[in-house]
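Below is one structure; the comments refer to it alone.
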Amino acid sequence: MSSAVEAGRQAFIVEAHDLLAQLEESLLALEEEPDNQELVNRIFRCMHTIKGSGGMFGFDLIESFTHTLENTLDDVRKGAVKVTQNLIDLSLAACDEITILLEGRAKNLEDEGAVRRAQILQGIETLQGGPGSLPTPAHSGEPIENIIESEQEGNSPVWTWLITFVPEKNIFSFGTKPLLLLKELQEMGESRLICHTDKLDSLDKLDPESCYFWWHILLETDRSSDDIRDVFMFVEDDCRLEIKNLNTLTDRTVDFDRAEAVLREKGRLDEDLSAVVRGKERALQKETGSMQKDSDNKTGQGEDSRRVASIRVDAERLDILVNLVGEMVITQARLREAVDTQHDTGLSIVSEEMERLTSELRDISMSMRMVPIGTMFSKFKRLVRDQSRQYGKSIDLALNGGETELDKNVIEKLNDPLVHIIRNAIDHGIEPEANRMVNGKNRKGTITLSAFQAGADVVIEINDDGAGIDPGIVRARALEKGLINESDILTDNELYGLIFRPGFSTKKQATSLSGRGVGMDVVKKNVEALRGSLEVNSTKGKGTSVIIKIPLTLGIIEGLLVSIAGEYYVCPLSVVEECIEKPYDERSEKGASQFINVRGEAVPYIRLRETFEIKGTVPAIEQILITKVNNERVGFAVDEIIREQQVVIKSLGRMYGGVNGVSGATIMGDGSVGMILDVQKLVSMAGSQETNK
């Protein structure tokens, strides 16, 4: 297979995954609104595009599998099949199977997947009334496709379209089969194809792998220009495509015979339109016609401009771009260091301009990797639906703040922690319907997933209106496992923190969702690996809230540059609240609990010199960074605060990956290495030392 054909197949796979996500979301919405015709039309279009494009790019198994389901959706559009729970279940199962086929996990018809697909198709045929119960397709064995969207049959306006399709000469090399596209157009209604051969070379110059033909297609159909354009979705970049509504030029029916003659002779219709019109008037609704005309008048300019307004870029290329910008940030820091050393005014101006441009380039490149968090949120609707039904519970998932943007890489790494938290809410949190009604609650439970931006962080909240966490049960389980002593006095929030200990669970009997004591500790570990924080709040009988705070991006951060004994360290600026000075107290014992009075509040602080066992003379005045970690204020004592600085995070590598208290490193302007402080880990380490005393 040529690289061009493979590229075409990969483009289809990416697009198909997007269409499947839209399809699943629409099916779940249709389950709530079974009479919503717009949703039915959207579902049909997604399925039809997957089927047609799958066949065009050689995914024959996908094409054959979706054939029956497409027919059923066709019947739903026409009112012959009702939207039922069974239909939604089968359609969602079909989505899962198509995903498996796209990912190449099913190689042939004899595998386990073939049995599942056969069962799905059998269920679909039952919904249709059994094999053979449907009307005979209009095109000898082909499905009835491309029915008018959102209009009742018999009352729909019919349009006459002139489509110009001029494929690139090398279109065959991408695996595209133009005849399949033309066949799909023919299935939309009455049509006439005019093939032009004026590009043909002499026989001795013909290349059998090149395309020399182009077409005019006259199409009389009740489908819109968007539906027609969908046929060419995967080849628009490899052809010239024009779609013109002839009804915007005349309200009369086009004579196909005369139109074909004009097109063959002159290659255009505009000047000779009056000669190809029969006398029969069109029964067009004025409002619909006006709307269609406004839309089509924009086709030549508006739709073309929208097509080039955005492009799809491989995620790996974006990652490379961000890495290169990171290197520029490091180089800019070196340039600024050199300018400060040489005191060259002319070079200083260049450095300042370079710094401005680098900053703008950094912001743009980082924004290119930012995607709405709603793309991840929508996936959890299916999770809540399936798991709640499995355990006999009635649960709604409410989504807020889906437009909040977060780095693509961060979103990918957040998926597993959020899945586990939501599963816990389904199993531990939401009570069975009978229990909820006895307690005066709504019969149906609700899990709310929210996101919003707070400074340089994104906050994600998972709330449920379930039974909440009983601090007494948590304490009893902690005592049973030896995590605490009888004499320990813990607040509710401290008790809730115990659920993140490995092996801890309040469930006496494990289920397939939870209860094995494995999961929440991993959730905390994964969140902290993203330099995030995790907080749990709960009210017994009312519900539980899990709050995750994550930095917007993982690559480049704003930091506060500090030093200890001449070595550089960077503290993420997003956690720093203020900086204060404190005279060094020689009487304080090493490792002892230390507090500083901050406007009447006793704030504990950690001497990083002691934590990292750094030798040398302690300055007379220590600088204390006051940070907020897990909703508590904690200070960090350093020798000197230098300045705010953008830093590029570099991995420590395997050899130093287990170093406690640092999350990475960065290269300073003078070429030295600065360590990035892991504030969460430092606080946890200090807490463990106090507990072990």
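Naming works like this for the structure tokens: A, B, ... for the chains as they're shown, residue 1 at the start of each chain, ligands 1 onward in shown order.
Contact shell of segment 452-460 of chain A at 9 Å (only C-alpha atoms; same-chain neighbours under 3 positions omitted): Asn400, Gly401, Gly402, Glu403, Thr404, Glu405, Leu406, Leu449, Gly532, Val546, Ile547, Ile548, Lys549, Ile550, Pro551, Leu552, Thr553, Ile557, Glu558, Leu573 and Ser574 of chain A.
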query = Leaving out segment 83-93 of chain A and any residue of its chain fewer than 3 positions from it, which residues lie within 9 Å of it when counting only C-alpha atoms, given as an MDAnalysis selection string?
reply = chainID A and resid 23:24 27:28 30:31 34:35 69 76 96:98 116:117 120:121 123:124 127 382
request  = Name the residues of segment 585-680 of chain A that fall into alpha helix (DSSP H) according to DSSP on the backbone, using the chain letters and numbers of this document, as an NGL selection string.
outcome  = :A and (608-611 or 653-656 or 679-680)
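What separates atom CA of Leu101 of chain A from atom CA of Lys379 of chain A is a distance of 19.3 Å.
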ask   = Interatomic distance between atom CA of Lys481 of chain A and atom CA of Glu461 of chain A?
value = 29.3 Å
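If only C-alpha atoms are the atoms counted, then among A:Cys239, A:Ala467, A:Val647, A:Val562 the closest residue to Glu327 of chain A is A:Val647.
Atom pair atom CA of Leu560 of chain A / atom CA of Leu361 of chain A: separated by 21.5 Å.
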query = If we count only C-alpha atoms, what is near segment 615-620 of chain A at a cut-off of 7 Å, once residues fewer than 4 positions away on the same chain are taken out, given as JSON, numbers by chain?
reply = {"A": [565, 583, 584, 639]}
Those selected residues, please, written with C-alpha atoms and delivered as a PDB file, in the first residue's frame.
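Result written to result03.pdb:
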```pdb
ATOM      1  CA  ALA A 565      23.457  27.903  48.686  1.00  0.00           C
ATOM      2  CA  PRO A 583      15.324  36.250  60.656  1.00  0.00           C
ATOM      3  CA  TYR A 584      17.028  32.869  60.942  1.00  0.00           C
ATOM      4  CA  ASP A 639      18.026  31.755  50.938  1.00  0.00           C
TER       5      ASP A 639
END
```
Long-range neighbours of Leu399 of chain A as JSON, numbers by chain, 9 Å cut-off, only C-alpha atoms, 3 positions minimum in chain = {"A": [374, 377, 378, 402, 447, 448, 449, 450, 451]}
inquiry  = Give me, as a PyMOL selection string, all polymer residues having an atom no more than 10 Å from Ser64 of chain A, counting only C-alpha atoms and skipping those fewer than 5 positions away in the same chain.
reply    = chain A and resi 51+54-55+59+69
key: Pick from A:Ile43, A:Ile564, A:Ala94, A:Met520 nearest to Arg609 of chain A, counting only C-alpha atoms   = A:Ile564
